[in-house]
Amino acid sequence: MRHLGRPVFFNDHFAIVALANNDRVNSYPLLRQNLAAVRAGYNAYFAANGDASQIPNVVIPDELAAHLTAHYASPNQDLPFIEKLRADGEVKTCPMCGSSCGGTLDHFMPKGDYPCFAVFGMNLVPACKCNQTRTSSLTHPGFPGARLLHPYFDDILEERLVT
């Protein structure tokens, strides 16, 4: 696991408020009606310092969950940071497994199980194809009870030890 500096080119709270107030998107007005719960989820994520075992799932309507997932797949002007993270996601070392590949974004808290965080920037981590093998587990498969380290929050390696 490799530490990544937190992206500073966007504000998650500003973005979700802008999206909630955008009457031209499918999530309107449902996101607006659930905005307090979504923002509370974002605050809890920060308060837990990215520790997946301490981040509560935010209960939102299934329809809103589908809209947030769709916003991730096709971000609008309120979520320009998603495309920037995708473009900048070519990291020299995958923060998840340490390989020298990159090329995708991983949802640290899987969007299928935690749709509230589908467009939450601190939940979007550049990764390689290991992203597909992790599935939706929030613990390390080889070490029962061990939690996954979060590349933005946990103080871990800055560089690969071996190349």
# chains A, B, ... in the order shown; residues from 1 in each chain; ligands from 1

$ residues_around --residues "Asn26 (chain A)" --least-positions-apart "6" --cutoff "10 Å" --atoms "only C-alpha atoms" --output "list in words"
Glu63, Leu64, Ala66, His67, Leu68, Ala70 and His71 of chain A

$ residues_around --residues "Met122 (chain A)" --least-positions-apart "4" --cutoff "8 Å" --atoms "only C-alpha atoms" --output "MDAnalysis selection string"
chainID A and resid 6:7 12 152

$ residues_around --residues "Pro56 (chain A)" --least-positions-apart "5" --cutoff "12 Å" --atoms "only C-alpha atoms" --output "VMD selection string"
chain A and resid 37 to 38 40 to 48 50 to 51 109 113 to 114 116 to 117

$ atom_distance --atom1 "CA of Leu79 (chain A)" --atom2 "CA of Arg147 (chain A)"
29.2 Å

$ select_by_dssp --residues "region 9-158 of chain A" --states "strand (DSSP E or B)" --output "PDB file with C-alpha atoms, in the first residue's frame"
ATOM      1  CA  THR A 104      -8.371   3.162 -13.383  1.00  0.00           C
ATOM      2  CA  LEU A 105     -10.146   4.598 -10.374  1.00  0.00           C
ATOM      3  CA  ASP A 106     -11.106   2.367  -7.489  1.00  0.00           C
ATOM      4  CA  HIS A 107     -13.922   3.126  -5.094  1.00  0.00           C
ATOM      5  CA  LEU A 124     -11.853   7.595  -5.510  1.00  0.00           C
ATOM      6  CA  VAL A 125      -8.338   6.142  -5.580  1.00  0.00           C
ATOM      7  CA  PRO A 126      -6.158   5.582  -8.669  1.00  0.00           C
ATOM      8  CA  ALA A 127      -5.438   1.876  -9.055  1.00  0.00           C
ATOM      9  CA  THR A 139     -10.775  -6.352   4.940  1.00  0.00           C
ATOM     10  CA  ARG A 147      -8.407  -3.522   7.675  1.00  0.00           C
ATOM     11  CA  LEU A 157       4.878   4.229   2.102  1.00  0.00           C
TER      12      LEU A 157
END
